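Novice: This is the structure, below, for whatever I ask next.
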Amino acid sequence: MLSRSGRWIYRNRYLVIAVWVVALLAMLPVAPRAQERLLPGGFSNSDYPSMKAGELINERFDRHRIALLFIVGHETEKPYSPEFDREARRLIGQIESDPNVAEVRSYLTEPNWLSDDGGLALIEVGLDLQIEDSLVVLDEISGRIDKIDLDVVMTGAPPLYRDIVVASGEDLRRGELVAFPLAVIALLLVFGTVVAAVMPAAVGGVAVAVGLGVVYYVADVRDMSVLSFNIITLLGIGMGIDYSLFYVNRFKEELAKGLSVVDAIAETHDRAGTAILFSGVTSVIGLASLLLFDLTVLDSIGIGAVIVISIALLSAQTLMPAVLSVVGHRINKLPVLSFTRFGDGVWRRMADGVMNRPFLFLVPTVAILIALVIPFKDIRPGTADATILPQRYESRQGYDLLQEEFGWEISTELMVAYTFEGDPFSDENLAELYAFGQALANLPDVDRVSSIVNLRPTLGIDDYRDLYRYPEAIYDGATLRLLNESVREGAVLFHVSADLHPFSTEARALVDSIRAFDSLESPYVYVDGGSAHTNDLVRSLYGRFPLVALIVISLTFVSLMMLFRSVVIPLKAVILNTLSILASFGALVWVFQQGNLSGLLNFEPLGITEATTPIVLFAILFGLSMDYEIFLLSRIREAYVDTGSNRESVKLGLQRSGTIITGAGLILIVVGASFVLAEVVSVKTVGFGLALAIFIDVTIVRILIAPALMRLFGRWNWWLPSWIDRRLPMLRAE
Amino acid sequence: MKSVIRNVAIFLAVFVVAAAVACAGRVEEKDVPTPQPPEPTPVPRALVFPEDDGSHAALIEWWYYNGHLASEDGEEFSFHFVIFQTQDRDGSESFEVGQAGITDVGREVHHNISSDGFTSQQPSVRSSAEGLLSLDLGNFELDIGPDGSHQLQVEDAASQMSLNLRTAPSESVMLHEGIGWMDWPFGWTYYYSYPRMRAEGTILIEGREVDVDGEVWFDHQWGDFFVVGKPAGWQWFAIHLDDGRSLMIAEVRGAEGEVLAIDGTLIQSGSEQSVLDLEQDGIELEVQDYWTSTQTAGEYPAKWRLRVDSIDLDIVMTPSIADQEVPALPYGNQAAAYWEGRVEVSDTASGESLGLAFAELSGYVEPEPLGWRDAKR
């Protein structure tokens, strides 16, 4: 299919290279700055009910969007001693001097803002900023704190968020330092020559540089999350190297057959080029699916990945043949030890062994995969808390102090706004509010409701009517504060507490129970809080996930059907692909959510699975695993067309692709596994999931299950109903 | 063909299982529950002493003392000392604050002291096998021993004021409403007093330390109730008559300022006590003068005539010092300022001195509107 364009590139090799050099030179100045254009955050959507509730509550009740917490202590003095209080007042004064600070509250005016032993005190700083913007002012506020004779630990959402971004960045850099040399060794082993090994890295590198340059400009016109940056880079490098790897390998093979450089380029472009094109298309389909989730962080990964993969694909289709046209036979220069020298007969013998007793291999391997899938049924998608951070970060230390010294428990805390018409203290409204407060208090799992109509369980509606005849006359400071902070004309806030982990299924069910009071025609109940946000995120993501997965699988199926002229092969490919991804998801749940192997892998079990992780992994892995499947099957089909023997074609296909797929897989396993060394649990999770899924794919699925099934399906492997055959365009794969 | 179909079926089954697993964990909506009636007010139990001098699970509780003290030289002092404790509805959190006033009657000097900060239950209330209560708020301390003895301390380093008193247990407990429990306009409360406890200790006033002794009135109240100010409030009197009688009289106003009750409790000398009722006993409390605070603009009653026909009592009560107003605590309602001070008791007809009393006047300062209501206006 692409033979002619291969020859055209050969003839115009210097022009093609020149175009790429120009593109590279144009993008080099901006590519390193792509990250600067990306915005923090992106884990929420303004259409989420919790976000709307948050907006309403912040606006109506003059609440600050986010808070910084300062935990202060002194070597010898205790809170309320004159020395301690003097220093605390100085600190508060310095913090208040920052124009971004909306309000400061402290133990000096708030009851019970002391640690259990009375040695530490709390200062809360309210900011009217979005979490993303608050990151910018953190350093500014910290910079104002000067010469205070107090030990200060800063925590709260913005510092935690900042530290997670910083720690993830450090993890990725550390991972890359480990992964890069190992990947180079893997390339040398696969190709056996330095020149051939350098080619994929060089062409992949050019693709990523140009791709990031494009991301830089795209980020200017569309919001993109900085959290997507590392994944985009990883995918760019991974795919760039993968495509180049297969291209170079085929080129070497064609040269070895005695073809001239131009014929070898034409043949390689025709065979490997088509396979790479389809691999790229399936990867783009998988990653473009992230655009369907309507979440900035997933959008960003989707857009960024589609850009870098498209450019990697383009470079593999144009730059690589042009460079190989110039390099020619010098591709075999500088030979080093290679495991290709051990002979590809190993793969042939393995295929033979599996096909001799297909069920012997099929049953246990499928059983293993199903066993790995099983824990996935217990998945608790949620959002991670501070425990994903290593303890050496200040914000994490503060988080631990709040629990250990101040007795703060991890619980579900929801703010519920009940809206109505008119004066909250009118007889009718008060009765309605009282009924709602009672109903909230009687919900399963609710431990406590704090509101102006839930002061004591012994008080009835008549008591509240008496009490609120002149509400401003109530002496009690706490109740007075509640009246000032939680009541407005037409709206009253209820604070609902439950002894549940905020990201648990039960907590999310509680959010649903509260929202069930609402009326669709005229909403009057608004729920905000971590569990509500997690609920919206999980519902939004997982509500669409089955449909998105179906679309991705269907499109991939049709693409593969076009490529392989078969119904059974694409069906087998998508099923096996899905199974290996689900197996890695199951393992993720078993390890990171349930805490198995936590000692070995050095992490604190989360109790949840980060909601976006399975979706991002699905999008990445579906395309990536399909690459290997396409490279294997294209070689099998090629052999089948040549020999007409199902069994022989499988053996030849595995023999011709075994080393290269294993090499490519090995590189990605090395990259993924290096991130398992990360300190941030979510980075560790993605690395582990990636490495495991690729491992399953290149070993269990490709070497054992695929040959066994090909043997069992026999001639039906290449069955295509004639009515489909007539309608499908004719293509030719590698 | 059969084997092909079987193998395809196996894999489809695997896929279906996997898909089912992927879709698991959907949230089911629950029915909307119906409101439940509130828990009934608890049936009052008999109080046990001295155990009930300790802390209870209640929305609000206070330990209150006032006293009339004298030095060997005959100098007269008075004081009040109170620690308020409030708890969450589930008792998981509580906090305490203290207020006190010390008056040098001869020099007409009056000082108020507040506790330094808001302390939580953990540091301030220590469960002690040896004592019934041990509260330490920094500059306020209160200990009630297993024998029912009370020790209270308060100091204000800045103004060089302090009070350190030990009191002996009292045999005569005054159970208000007969059982020490009463319905209040905004809840219910246990309430009893030890009207006369012998006390001795020291007072530091303006840097001068004086040994003192005298009689202390102790009030202990706890329950689920709210203290509501103007127009609601109360006038409360703890009267020590020279003939040995102790009398508590309270006039309580409701949400609209209406007088809900004027009643009291009397202990004759010894332990015989009786509950006094407005209608049956012919109680009449007449305000004869007012004093306006320059701090809060609160207009407080400043002279009273009290008649209780059934016990043949007709007295006039006059504050020893006009300004004995106690400012509100910084965290609370500014309208919670109250007047708490020594008053002198004399016979209405003859003017002859009949004893000393303490008066507490609550609900006389205009509350500020709630912030959001104010903004609306």
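Residues are named by chain letter and number: chains run A, B, ... in the order of the structure tokens, numbers start at 1 in each chain, and ligands are numbered from 1 in the order shown.
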Please, which residues in chain A fall within 6 Å of chain B when counting only C-alpha atoms, and what is the closest atom pair and distance in Å to one decimal for each, ordered by chain then residue number, as a Markdown table?
Specialist:
| residue | atom | partner | partner_atom | distance |
| --- | --- | --- | --- | --- |
| A:Pro111 | CA | B:Phe118 | CA | 4.9 |
| A:Asn112 | CA | B:Ser120 | CA | 5.1 |
| A:Asp116 | CA | B:Gln122 | CA | 5.9 |
| A:Asp117 | CA | B:Pro123 | CA | 6.0 |
| A:Lys377 | CA | B:Val21 | CA | 4.7 |
| A:Ala435 | CA | B:Pro35 | CA | 5.5 |
| A:Gln438 | CA | B:Pro35 | CA | 5.1 |
| A:Ala439 | CA | B:Pro35 | CA | 4.7 |
| A:Arg456 | CA | B:Arg89 | CA | 5.8 |
| A:Pro457 | CA | B:Pro38 | CA | 5.6 |
| A:Thr458 | CA | B:Glu39 | CA | 4.9 |
| A:Gly460 | CA | B:Pro38 | CA | 5.7 |
| A:Glu472 | CA | B:Leu370 | CA | 5.8 |
| A:Ala473 | CA | B:Gly229 | CA | 4.7 |
| A:Ile474 | CA | B:Val228 | CA | 4.4 |
| A:Tyr475 | CA | B:Asn333 | CA | 5.3 |
| A:Gly477 | CA | B:Gly332 | CA | 3.9 |
| A:Asn484 | CA | B:Leu370 | CA | 5.8 |
| A:Ala509 | CA | B:Val27 | CA | 5.8 |
| A:Ser513 | CA | B:Lys30 | CA | 5.5 |
| A:Phe713 | CA | B:Val4 | CA | 5.5 |
Novice: Within 6 Å of region 199-201 of chain B, counting only C-alpha atoms, which residues qualify if same-chain residues fewer than 2 places away don't, as a list in words?
Specialist: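 The contact residues come out as Asn164, Leu165, Arg166, Thr167, Asp211, Val212, Asp213, Gly214 and Glu215 of chain B.
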Novice: Which polymer residues have any atom within 12 Å of an atom of Thr294 (chain B), counting only C-alpha atoms, with same-chain residues fewer than 5 positions away left out, as a ChimeraX atom specification?
Specialist: /B:299-300,322-325,327,365
Novice: Got a sec to tell me which of region 136-275 of chain A DSSP assigns to strand (DSSP E or B), as a ChimeraX atom specification?
Specialist: /A:151-156,193,225
Novice: Could you please determine the separation between CA of Arg4 (chain A) and CA of Thr268 (chain A) in Å, to one decimal place?
Specialist: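 Straight-line distance from CA of Arg4 (chain A) to CA of Thr268 (chain A) works out to 11.2 Å.
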Novice: For Pro44 (chain B), which of B:Ala349, B:Val216, B:Ile203, B:Ile179 is the closest residue, counting only C-alpha atoms?
Specialist: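 Smallest separation from Pro44 (chain B) among the options: B:Ile179.
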Novice: Can you tell me which residues surround Ser170 (chain B) at a distance of at most 10 Å, considering only C-alpha atoms, apart from same-chain residues fewer than 5 positions away, and format the answer as a ChimeraX atom specification?
Specialist: /B:50,148-149,193-198,216-218
Novice: Excluding same-chain residues fewer than 3 positions from region 494-504 of chain A, what lies within 8 Å of it counting only C-alpha atoms, as a PyMOL selection string?
Specialist: chain A and resi 380-383+410-418+437+440+445-451+486+507-508+530-531+534+608
Novice: Can you pull out the residues contacting Gly145 (chain B)? Cut-off 7 Å, using only C-alpha atoms, and skip same-chain residues under 2 positions away; I want them as a count of residues only.
Specialist: 8
Novice: Between A:Ser3, A:Asp133, A:Leu576, A:Asp149, which one has atoms that come closest to Thr76 (chain A), using only C-alpha atoms?
Specialist: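 For Thr76 (chain A), the nearest of the given residues is A:Asp149.
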Novice: Could you tell me, as a list in words, which residues of region 167-365 of chain B DSSP assigns to alpha helix (DSSP H) when given the backbone?
Specialist: Leu278, Glu279, Gln280 and Asp281 of chain B
Novice: If we count only C-alpha atoms, what is near Ser97 (chain A) at a cut-off of 12 Å, once residues fewer than 6 positions away on the same chain are taken out, given as a short mmCIF file (atom, residue, chain, number, x, y, z; two decimals) with C-alpha atoms, in the first residue's frame?
Specialist:
data_model
loop_
_atom_site.label_atom_id
_atom_site.label_comp_id
_atom_site.auth_asym_id
_atom_site.auth_seq_id
_atom_site.Cartn_x
_atom_site.Cartn_y
_atom_site.Cartn_z
CA ARG A 90 2.99 38.43 64.95
CA LEU A 91 2.63 35.44 62.65
CA GLU A 103 -9.59 35.83 56.63
CA VAL A 104 -7.46 34.43 59.44
CA VAL A 125 -6.08 31.13 56.59
CA GLU A 140 4.20 34.54 48.58
CA ILE A 141 2.52 33.87 51.92
CA SER A 142 5.39 31.69 53.14
CA GLY A 143 7.80 34.47 52.16
CA ARG A 144 6.08 36.89 54.49
CA ILE A 145 6.69 34.71 57.53
#
Novice: Select, from A:Ile95, A:Val680, A:Ala693, A:Ile66, the residue with the minimum atom-to-atom distance to Leu668 (chain A), counting only C-alpha atoms.
Specialist: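 Nearest to Leu668 (chain A): A:Ala693.
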Novice: Would you work out the distance separating CA of Ser554 (chain A) from CA of Val589 (chain A), expressed in Å to one decimal?
Specialist: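 Taking CA of Ser554 (chain A) and CA of Val589 (chain A), their separation equals 26.6 Å.
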Novice: Under the rule that only C-alpha atoms are counted, which of A:Asn356, A:Ser115, A:Ser674, A:Thr699 is the nearest residue to Val178 (chain A)?
Specialist: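 Closest to Val178 (chain A) of all the choices is A:Ser674.
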Novice: In Å, with one decimal, what is the gap from CA of Phe293 (chain A) to CA of Pro605 (chain A)?
Specialist: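 Going from CA of Phe293 (chain A) over to CA of Pro605 (chain A) covers 27.3 Å.
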